[in-house]
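*Asks:* Structure in C-alpha cells, see below.
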Amino acid sequence: MGLRRGVTFGTAVQGGWLDTEPAYAAMVAAEAALLVPEWEGKWSALQPQEGRFDFAPLDRILRFGLRHRRQVRGHALVWHQAMPDWLLTALAEGPQRARAVLEAHIATVLDRTRRQVRDWDVVNEVVADVAGSDTPQAGPGELRDSPWLRALGPGYIDLALRLARERDATLRLVLNDYGTESDEPWSLEKRRRLMRLVRGLLERGVPLDAVGIQGHLQMSERFSPEGFRAHVEELRSLGLAVLITELDVREAPRIAPDIAQRDAAVAERVQSFVAAGLAGGVRTVLTWGLSDRESWLLRDPDVARRDGAQHRGLPFDEERRRRPMWQALADAFATLPER
Ligand code: G3I
C-alpha cells in the first residue's frame, strides 16, 4: 500500500515481532511507508523508573525503519494510560513536581529520537468521553479526568505542547484522540469538545500542527461521510494537518453468519470513512496493525467479541491474506487524482 496518490499509508508495529517474525516483518515492509510503535513509545516503556530510560524496545522499530527506509512517528508522550507507578506518585506530589517530570521526559525522549522521529502524538486522548459512548466519563468536564489534569489543571495540554516545541522547533506536534468518527450523538458532542479545545489552544498561541483522528470504527455506530468530511475540513481550516492514526473496525454485536458478508460490510465502511477523510484533506492513514493475528481487537478483553467470533477489522486476516478491507483502502486512495 505504502505511498499512493499522495497518501502515506502506515501501521502500528511491535518491535519484538519485527525482530523475530520474518513473515510479519515482510508484510510490514511490503505494505507500510510509515510505522508507529504500538507500545514502545509510551511512558511505561521509555521511562519505567524515574530517570532510568529504556529505549531498547523502541530502537527495534527505529532500526527497522532505517533498514527499510520507513518513517516512524512517535506515540505518545502524554497519555492517561501506560503510566508507571512512580509517575502517578510524582504527579500526586504537586504541580511543580509534575511539571519537572513532564519536562524531563519530553526533553530526553525528543532529544533521543529527533533524528528519526519528526512527528509525535504529544497528547493522546485528552477529551472526555460523552454519556452514551461505550466509555462515558462521569462529571461535567470536557477534558478527560486524568492524573495529568488533576496534577496540572487544564493547562497541562498547553504545557506539553509548549515544552515539545521549545525542545524541537520543527517537530510536528500532534493532538491525537478517538470517538469523533461517527454520527452518533456522543460522537458529535465529542467533535464539538475537540474543536473547542483545539480553537482555544490556537487562540492562546499554543504550538499545534496536527490532529490525529484514531479511527477505531464501530460498525454499530451510524456514519455520515459528509459529516466526517466536514469535521476534517473544519480542522484543516484552522491550518492543521489531519491524520487517521489507528484505523481498525469493531464489528457489531450481531454479525452476519457469512464471512464474505461481514468482510464486505467492513470494507464498505472503511472505504466510505477513508474516502471522506481524504476528501476533507487527510493525507496520512495508519491502521492499528495489519492482520488480525496481532490486533488488540482480539487481545484486549475490553473490545474482544464475547460470542466466540473474532473481529475482522484489519486489511489482512490471521493467515496474513488480504481481505476486502485492503481493497477498500486502495479504492479510497484511488478517489484522489494521480500525482
Ligand atoms: O509491557 C510489555 C513489555 O514489557 C513486553 O516486552 C512486551 C512483549 O510483547 O509486551 C508488553 O505488554 C503489553 C503490550 O501492549 C504489548 O502487547 C503491555 O503490557 C500492554 O499494556 C500493551 O497494550 C497496548 C495498549 O495500547 C496500552 O499501551 C496495546 O498493545 C495497544 O494496542 C494499545 O493501543 C492504544 C493506543 O496506544 C491509543 N489508542 C487506543 C489503542 C488501543 O487501546
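Ordering of the C-alpha cells sets the chain letters (A, B, ...), residue numbers begin anew at 1 in every chain, and ligands are numbered from 1 in the order given.
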Which polymer residues have any atom within 12 Å of an atom of Gln310 (chain A), counting only C-alpha atoms, with same-chain residues fewer than 3 positions away left out, as an mmCIF file with C-alpha atoms, in the first residue's frame?
*Replies:*
data_model
loop_
_atom_site.group_PDB
_atom_site.id
_atom_site.type_symbol
_atom_site.label_atom_id
_atom_site.label_comp_id
_atom_site.auth_asym_id
_atom_site.auth_seq_id
_atom_site.Cartn_x
_atom_site.Cartn_y
_atom_site.Cartn_z
ATOM 1 C CA VAL A 249 -13.042 -1.857 12.771
ATOM 2 C CA ARG A 250 -15.028 -3.403 15.592
ATOM 3 C CA GLU A 251 -17.965 -5.345 14.168
ATOM 4 C CA ALA A 252 -21.423 -5.009 15.676
ATOM 5 C CA PRO A 253 -22.561 -7.396 18.429
ATOM 6 C CA ILE A 255 -22.945 -10.218 12.764
ATOM 7 C CA ILE A 259 -17.827 -14.273 6.423
ATOM 8 C CA ARG A 262 -19.091 -9.430 7.180
ATOM 9 C CA ASP A 263 -15.957 -8.557 5.225
ATOM 10 C CA ASP A 292 -5.930 -9.974 12.855
ATOM 11 C CA ARG A 293 -3.066 -12.016 14.247
ATOM 12 C CA SER A 295 -4.705 -6.950 16.620
ATOM 13 C CA TRP A 296 -5.607 -5.566 20.027
ATOM 14 C CA LEU A 297 -9.197 -6.227 18.943
ATOM 15 C CA LEU A 298 -8.577 -9.911 19.542
ATOM 16 C CA ARG A 299 -6.284 -9.471 22.587
ATOM 17 C CA ASP A 300 -7.919 -6.799 24.706
ATOM 18 C CA PRO A 301 -10.875 -8.153 26.727
ATOM 19 C CA VAL A 303 -13.085 -4.884 22.953
ATOM 20 C CA ALA A 304 -12.796 -8.579 22.020
ATOM 21 C CA ARG A 305 -16.024 -10.243 20.940
ATOM 22 C CA ARG A 306 -17.993 -12.198 23.501
ATOM 23 C CA ASP A 307 -19.663 -14.547 21.028
ATOM 24 C CA GLY A 313 -11.304 -5.256 11.239
ATOM 25 C CA LEU A 314 -7.884 -5.103 9.558
ATOM 26 C CA ASP A 317 -6.619 -11.991 8.131
ATOM 27 C CA GLU A 318 -4.916 -14.260 10.671
#
*Asks:* Check which residues fall inside 10 Å of ligand 1 when counting only C-alpha atoms and all ligand atoms, and print them as a VMD selection string.
*Replies:* chain A and resid 12 to 17 36 to 45 48 57 75 to 76 79 to 83 121 124 to 125 176 to 178 213 to 216 245 to 248 288 to 289 294 to 297 299 to 300 302 to 303
*Asks:* Report the residues of region 136-257 of chain A whose backbone DSSP state falls under strand (DSSP E), written as a list in words.
*Replies:*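 Filtering region 136-257 of chain A to strand (DSSP E) leaves Arg172, Leu173, Val174, Leu175, Asn176, Asp177, Ala210, Val211, Gly212, Ile213, His216, Leu217, Gln218, Ala241, Val242, Leu243, Ile244, Thr245, Glu246, Leu247, Asp248, Val249 and Arg250 of chain A.
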*Asks:* What is the distance between CA of Glu166 (chain A) and CA of Arg69 (chain A), in Å to one decimal?
*Replies:*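 It comes out at 27.9 Å.
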*Asks:* Take CA of Ala107 (chain A) and CA of Arg162 (chain A) and report the distance between them in Å, one decimal.
*Replies:*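 Answer for the CA of Ala107 (chain A) to CA of Arg162 (chain A) separation: 11.6 Å.
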*Asks:* Interatomic distance between CA of Arg144 (chain A) and CA of Val126 (chain A)?
*Replies:* 5.3 Å
*Asks:* Please provide as a ChimeraX atom specification all residues within 6 Å of Pro225 (chain A), with the sequence filter that same-chain residues fewer than 3 positions apart are discarded (counting only C-alpha atoms).
*Replies:* /A:228-229,276
*Asks:* Since we have the selection now, will you write its residues out, keeping all heavy atoms, as a PDB file, in the first residue's frame?
*Replies:*
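Resulting contents of selection-v5.pdb:
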ATOM      1  N   PHE A 228     -18.357  13.590   8.477  1.00  0.00           N
ATOM      2  CA  PHE A 228     -16.945  13.387   8.834  1.00  0.00           C
ATOM      3  C   PHE A 228     -16.048  14.252   7.974  1.00  0.00           C
ATOM      4  O   PHE A 228     -15.091  14.869   8.464  1.00  0.00           O
ATOM      5  CB  PHE A 228     -16.572  11.903   8.713  1.00  0.00           C
ATOM      6  CG  PHE A 228     -15.144  11.625   9.108  1.00  0.00           C
ATOM      7  CD1 PHE A 228     -14.728  11.831  10.414  1.00  0.00           C
ATOM      8  CD2 PHE A 228     -14.217  11.209   8.168  1.00  0.00           C
ATOM      9  CE1 PHE A 228     -13.412  11.608  10.794  1.00  0.00           C
ATOM     10  CE2 PHE A 228     -12.889  10.979   8.529  1.00  0.00           C
ATOM     11  CZ  PHE A 228     -12.488  11.183   9.843  1.00  0.00           C
ATOM     12  N   ARG A 229     -16.386  14.356   6.686  1.00  0.00           N
ATOM     13  CA  ARG A 229     -15.581  15.230   5.805  1.00  0.00           C
ATOM     14  C   ARG A 229     -15.610  16.662   6.322  1.00  0.00           C
ATOM     15  O   ARG A 229     -14.555  17.336   6.390  1.00  0.00           O
ATOM     16  CB  ARG A 229     -16.141  15.177   4.377  1.00  0.00           C
ATOM     17  CG  ARG A 229     -15.509  16.201   3.456  1.00  0.00           C
ATOM     18  CD  ARG A 229     -15.992  16.104   2.034  1.00  0.00           C
ATOM     19  NE  ARG A 229     -15.408  17.155   1.212  1.00  0.00           N
ATOM     20  CZ  ARG A 229     -15.487  17.186  -0.115  1.00  0.00           C
ATOM     21  NH1 ARG A 229     -16.123  16.222  -0.779  1.00  0.00           N
ATOM     22  NH2 ARG A 229     -14.924  18.163  -0.799  1.00  0.00           N
ATOM     23  N   ALA A 276     -13.938   9.815   2.750  1.00  0.00           N
ATOM     24  CA  ALA A 276     -14.435  11.080   3.305  1.00  0.00           C
ATOM     25  C   ALA A 276     -13.294  11.859   3.959  1.00  0.00           C
ATOM     26  O   ALA A 276     -13.180  13.082   3.806  1.00  0.00           O
ATOM     27  CB  ALA A 276     -15.538  10.809   4.324  1.00  0.00           C
TER      28      ALA A 276
END
*Asks:* Looking only at helix (DSSP H, G or I) from DSSP on the backbone, list the matching residues of region 205-267 of chain A as number ranges by chain.
*Replies:* A: 225-237, 259-267
*Asks:* For the selection you just gave me, I'd like the residues written to a file as a short mmCIF file (atom, residue, chain, number, x, y, z; two decimals), in the first residue's frame, keeping N, CA, C and O atoms.
*Replies:*
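See selection.cif below for the written result:
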data_model
loop_
_atom_site.label_atom_id
_atom_site.label_comp_id
_atom_site.auth_asym_id
_atom_site.auth_seq_id
_atom_site.Cartn_x
_atom_site.Cartn_y
_atom_site.Cartn_z
N PRO A 225 -20.54 10.17 5.84
CA PRO A 225 -19.34 10.64 5.14
C PRO A 225 -19.29 12.17 5.06
O PRO A 225 -18.24 12.78 5.29
N GLU A 226 -20.44 12.76 4.78
CA GLU A 226 -20.48 14.23 4.66
C GLU A 226 -20.12 14.88 6.00
O GLU A 226 -19.36 15.85 6.06
N GLY A 227 -20.66 14.33 7.07
CA GLY A 227 -20.38 14.90 8.39
C GLY A 227 -18.92 14.75 8.77
O GLY A 227 -18.30 15.69 9.28
N PHE A 228 -18.36 13.59 8.48
CA PHE A 228 -16.95 13.39 8.83
C PHE A 228 -16.05 14.25 7.97
O PHE A 228 -15.09 14.87 8.46
N ARG A 229 -16.39 14.36 6.69
CA ARG A 229 -15.58 15.23 5.81
C ARG A 229 -15.61 16.66 6.32
O ARG A 229 -14.56 17.34 6.39
N ALA A 230 -16.76 17.12 6.75
CA ALA A 230 -16.88 18.49 7.27
C ALA A 230 -16.04 18.67 8.54
O ALA A 230 -15.42 19.72 8.76
N HIS A 231 -16.01 17.62 9.37
CA HIS A 231 -15.20 17.66 10.60
C HIS A 231 -13.72 17.82 10.23
O HIS A 231 -13.00 18.65 10.80
N VAL A 232 -13.27 17.06 9.26
CA VAL A 232 -11.86 17.16 8.83
C VAL A 232 -11.60 18.53 8.23
O VAL A 232 -10.60 19.19 8.55
N GLU A 233 -12.53 18.99 7.39
CA GLU A 233 -12.36 20.31 6.75
C GLU A 233 -12.31 21.43 7.77
O GLU A 233 -11.53 22.39 7.63
N GLU A 234 -13.09 21.29 8.84
CA GLU A 234 -13.07 22.34 9.87
C GLU A 234 -11.71 22.39 10.56
O GLU A 234 -11.14 23.45 10.80
N LEU A 235 -11.14 21.22 10.83
CA LEU A 235 -9.80 21.18 11.42
C LEU A 235 -8.78 21.74 10.44
O LEU A 235 -7.91 22.54 10.80
N ARG A 236 -8.90 21.37 9.17
CA ARG A 236 -7.96 21.85 8.16
C ARG A 236 -8.06 23.38 8.03
O ARG A 236 -7.08 24.07 7.81
N SER A 237 -9.28 23.90 8.20
CA SER A 237 -9.49 25.36 8.04
C SER A 237 -8.73 26.15 9.10
O SER A 237 -8.50 27.35 8.98
N ILE A 259 -19.08 -15.05 6.32
CA ILE A 259 -17.83 -14.27 6.42
C ILE A 259 -17.74 -13.24 5.30
O ILE A 259 -17.39 -12.08 5.53
N ALA A 260 -18.12 -13.62 4.11
CA ALA A 260 -17.99 -12.69 2.96
C ALA A 260 -18.88 -11.47 3.18
O ALA A 260 -18.49 -10.33 2.86
N GLN A 261 -20.06 -11.69 3.77
CA GLN A 261 -20.96 -10.56 4.05
C GLN A 261 -20.32 -9.64 5.10
O GLN A 261 -20.35 -8.42 4.98
N ARG A 262 -19.73 -10.24 6.11
CA ARG A 262 -19.09 -9.43 7.18
C ARG A 262 -17.96 -8.61 6.59
O ARG A 262 -17.85 -7.40 6.82
N ASP A 263 -17.11 -9.26 5.81
CA ASP A 263 -15.96 -8.56 5.23
C ASP A 263 -16.41 -7.45 4.29
O ASP A 263 -15.78 -6.38 4.24
N ALA A 264 -17.51 -7.70 3.57
CA ALA A 264 -18.00 -6.67 2.63
C ALA A 264 -18.52 -5.45 3.40
O ALA A 264 -18.27 -4.30 3.01
N ALA A 265 -19.19 -5.71 4.52
CA ALA A 265 -19.72 -4.59 5.32
C ALA A 265 -18.58 -3.76 5.92
O ALA A 265 -18.60 -2.52 5.88
N VAL A 266 -17.57 -4.43 6.42
CA VAL A 266 -16.40 -3.73 6.97
C VAL A 266 -15.70 -2.93 5.87
O VAL A 266 -15.36 -1.76 6.05
N ALA A 267 -15.54 -3.54 4.71
CA ALA A 267 -14.85 -2.86 3.60
C ALA A 267 -15.62 -1.62 3.17
O ALA A 267 -15.03 -0.56 2.93
#
*Asks:* Between A:Leu143, A:Ala104, A:Leu278, A:Ala332, which is the closest to Arg192 (chain A) once you count only C-alpha atoms?
*Replies:*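 Result for the nearest residue to Arg192 (chain A): A:Leu143.
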*Asks:* Each residue of region 229-312 of chain A with at least one atom at most 9 Å from region 25-35 of chain A should appear once, together with its nearest atom pair and the corresponding distance in Å (one decimal); atoms considered: only C-alpha atoms; ordering: chain, then increasing residue number; output as CSV.
*Replies:*
residue,atom,partner,partner_atom,distance
A:Thr284,CA,A:Leu34,CA,8.9
A:Leu286,CA,A:Leu34,CA,7.7
A:Leu290,CA,A:Val28,CA,7.6
*Asks:* Which one is closest to Asp145 (chain A): A:Asp19, A:Asp258, A:Glu338, A:Asp129? Count only C-alpha atoms.
*Replies:*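 Among A:Asp19, A:Asp258, A:Glu338, A:Asp129, it is A:Asp129 that comes nearest to Asp145 (chain A).
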*Asks:* Which residues are near Val109 (chain A)? Cut-off 9 Å, only C-alpha atoms, ignore same chain within fewer than 2 positions. Put them as a VMD selection string.
*Replies:* chain A and resid 41 46 53 55 77 104 to 107 111 to 114
*Asks:* Which residues are close to Arg172 (chain A), i.e. within 8 Å by only C-alpha atoms, leaving aside same-chain residues fewer than 4 positions away? Reply as a PyMOL selection string.
*Replies:* chain A and resi 118-120+208-210
*Asks:* Hey, which of A:Glu93, A:Arg70, A:Leu243, A:Pro337 ends up closest to Arg150 (chain A)? Count only C-alpha atoms.
*Replies:* A:Glu93
